[in-house]
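Enquirer: The structure follows.
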Amino acid sequence: MNNMQQQFLEAGTLMLAGMVFVFVFLSILIVFINTVLAKLAVKFPDPVVASSSRTNKKSKSKNDGGVSPAVVSAISGAVKRYRSQHGQDK
C-alpha cells in the first residue's frame with residue numbers, strides 16, 4: 001500500500017511540475033511576443049484608411065415600401081407571357 005501512495009505522490013508532483021513549467025513557458029512567450037510586436041509597431045505602423053464621405057447609392061435608391069412598381073410590373077408581364085405561352089390562363 002505504501003508503494004502505491006508513493007507512486008501517486010510522485011505522479012501528482014510530476015503533473016504539478018509539468019503544469020507550472022508550461023504556464024511559465026507560455027507566460028514568457030506571451031511577454032516576449034508582446035514586446036517584439038510593440039517594437040515592430042513603432043517601426044511599421046498600420047496604414048490609416050481615410051473614411052470616404054460618399055454614401056452608398058443602393059441605399060438611396062431603395063424606397064421604404066419594398067419592391068419598386070417597375071419591378072412589379074416587369075414580373076407581372078413575365079408571368080402573363082409565360083402563362084400565355086404554356087396554356088395556363090387563369
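Note on naming: chains are A, B, ... as they come in the C-alpha cells, residues start from 1 per chain, ligands start from 1 in the order shown.
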Using DSSP on the backbone coordinates, identify the residues of stretch 6-89 of chain A assigned to alpha helix (DSSP H); present them as a ChimeraX atom specification.

Expert: /A:6-43,57-61,69-85

Enquirer: Go ahead and write the selection's residues with C-alpha atoms as a PDB file, in the first residue's frame.

Expert:
```
ATOM      1  CA  GLN A   6       4.386   6.887  -3.124  1.00  0.00           C
ATOM      2  CA  GLN A   7       3.674   6.429  -6.840  1.00  0.00           C
ATOM      3  CA  PHE A   8       0.544   8.646  -6.648  1.00  0.00           C
ATOM      4  CA  LEU A   9       2.539  11.307  -4.816  1.00  0.00           C
ATOM      5  CA  GLU A  10       5.273  11.161  -7.454  1.00  0.00           C
ATOM      6  CA  ALA A  11       2.711  11.311 -10.279  1.00  0.00           C
ATOM      7  CA  GLY A  12       0.998  14.331  -8.691  1.00  0.00           C
ATOM      8  CA  THR A  13       4.334  16.069  -8.214  1.00  0.00           C
ATOM      9  CA  LEU A  14       5.313  15.453 -11.836  1.00  0.00           C
ATOM     10  CA  MET A  15       1.919  16.660 -13.041  1.00  0.00           C
ATOM     11  CA  LEU A  16       2.149  19.825 -10.953  1.00  0.00           C
ATOM     12  CA  ALA A  17       5.730  20.477 -12.073  1.00  0.00           C
ATOM     13  CA  GLY A  18       4.739  20.000 -15.717  1.00  0.00           C
ATOM     14  CA  MET A  19       1.777  22.344 -15.412  1.00  0.00           C
ATOM     15  CA  VAL A  20       3.930  25.012 -13.736  1.00  0.00           C
ATOM     16  CA  PHE A  21       6.585  24.625 -16.435  1.00  0.00           C
ATOM     17  CA  VAL A  22       4.022  25.006 -19.241  1.00  0.00           C
ATOM     18  CA  PHE A  23       2.419  28.012 -17.529  1.00  0.00           C
ATOM     19  CA  VAL A  24       5.772  29.753 -17.067  1.00  0.00           C
ATOM     20  CA  PHE A  25       6.859  28.952 -20.630  1.00  0.00           C
ATOM     21  CA  LEU A  26       3.636  30.313 -22.142  1.00  0.00           C
ATOM     22  CA  SER A  27       3.767  33.423 -19.942  1.00  0.00           C
ATOM     23  CA  ILE A  28       7.327  34.175 -21.047  1.00  0.00           C
ATOM     24  CA  LEU A  29       6.332  33.537 -24.657  1.00  0.00           C
ATOM     25  CA  ILE A  30       3.405  35.981 -24.415  1.00  0.00           C
ATOM     26  CA  VAL A  31       5.585  38.674 -22.828  1.00  0.00           C
ATOM     27  CA  PHE A  32       8.263  38.165 -25.493  1.00  0.00           C
ATOM     28  CA  ILE A  33       5.781  38.353 -28.367  1.00  0.00           C
ATOM     29  CA  ASN A  34       4.140  41.492 -26.956  1.00  0.00           C
ATOM     30  CA  THR A  35       7.490  43.276 -26.574  1.00  0.00           C
ATOM     31  CA  VAL A  36       8.586  42.335 -30.089  1.00  0.00           C
ATOM     32  CA  LEU A  37       5.248  43.413 -31.540  1.00  0.00           C
ATOM     33  CA  ALA A  38       5.383  46.710 -29.650  1.00  0.00           C
ATOM     34  CA  LYS A  39       8.816  47.462 -31.112  1.00  0.00           C
ATOM     35  CA  LEU A  40       7.672  46.463 -34.604  1.00  0.00           C
ATOM     36  CA  ALA A  41       4.507  48.543 -34.314  1.00  0.00           C
ATOM     37  CA  VAL A  42       6.631  51.649 -33.786  1.00  0.00           C
ATOM     38  CA  LYS A  43       8.741  50.922 -36.872  1.00  0.00           C
ATOM     39  CA  LYS A  57     -26.126  54.722 -53.915  1.00  0.00           C
ATOM     40  CA  LYS A  58     -28.025  51.473 -53.441  1.00  0.00           C
ATOM     41  CA  SER A  59     -29.320  52.555 -50.077  1.00  0.00           C
ATOM     42  CA  LYS A  60     -30.636  55.793 -51.584  1.00  0.00           C
ATOM     43  CA  SER A  61     -32.421  54.032 -54.435  1.00  0.00           C
ATOM     44  CA  PRO A  69     -43.534  49.420 -59.045  1.00  0.00           C
ATOM     45  CA  ALA A  70     -41.352  48.977 -62.142  1.00  0.00           C
ATOM     46  CA  VAL A  71     -40.090  45.619 -60.858  1.00  0.00           C
ATOM     47  CA  VAL A  72     -43.627  44.509 -60.003  1.00  0.00           C
ATOM     48  CA  SER A  73     -44.887  45.359 -63.495  1.00  0.00           C
ATOM     49  CA  ALA A  74     -41.933  43.573 -65.124  1.00  0.00           C
ATOM     50  CA  ILE A  75     -42.566  40.429 -63.096  1.00  0.00           C
ATOM     51  CA  SER A  76     -46.306  40.582 -63.821  1.00  0.00           C
ATOM     52  CA  GLY A  77     -45.626  40.896 -67.540  1.00  0.00           C
ATOM     53  CA  ALA A  78     -43.220  37.972 -67.462  1.00  0.00           C
ATOM     54  CA  VAL A  79     -45.756  35.788 -65.632  1.00  0.00           C
ATOM     55  CA  LYS A  80     -48.513  36.699 -68.108  1.00  0.00           C
ATOM     56  CA  ARG A  81     -46.262  35.905 -71.068  1.00  0.00           C
ATOM     57  CA  TYR A  82     -45.236  32.556 -69.547  1.00  0.00           C
ATOM     58  CA  ARG A  83     -48.835  31.571 -68.851  1.00  0.00           C
ATOM     59  CA  SER A  84     -49.979  32.551 -72.350  1.00  0.00           C
ATOM     60  CA  GLN A  85     -47.164  30.557 -73.986  1.00  0.00           C
TER      61      GLN A  85
END
```
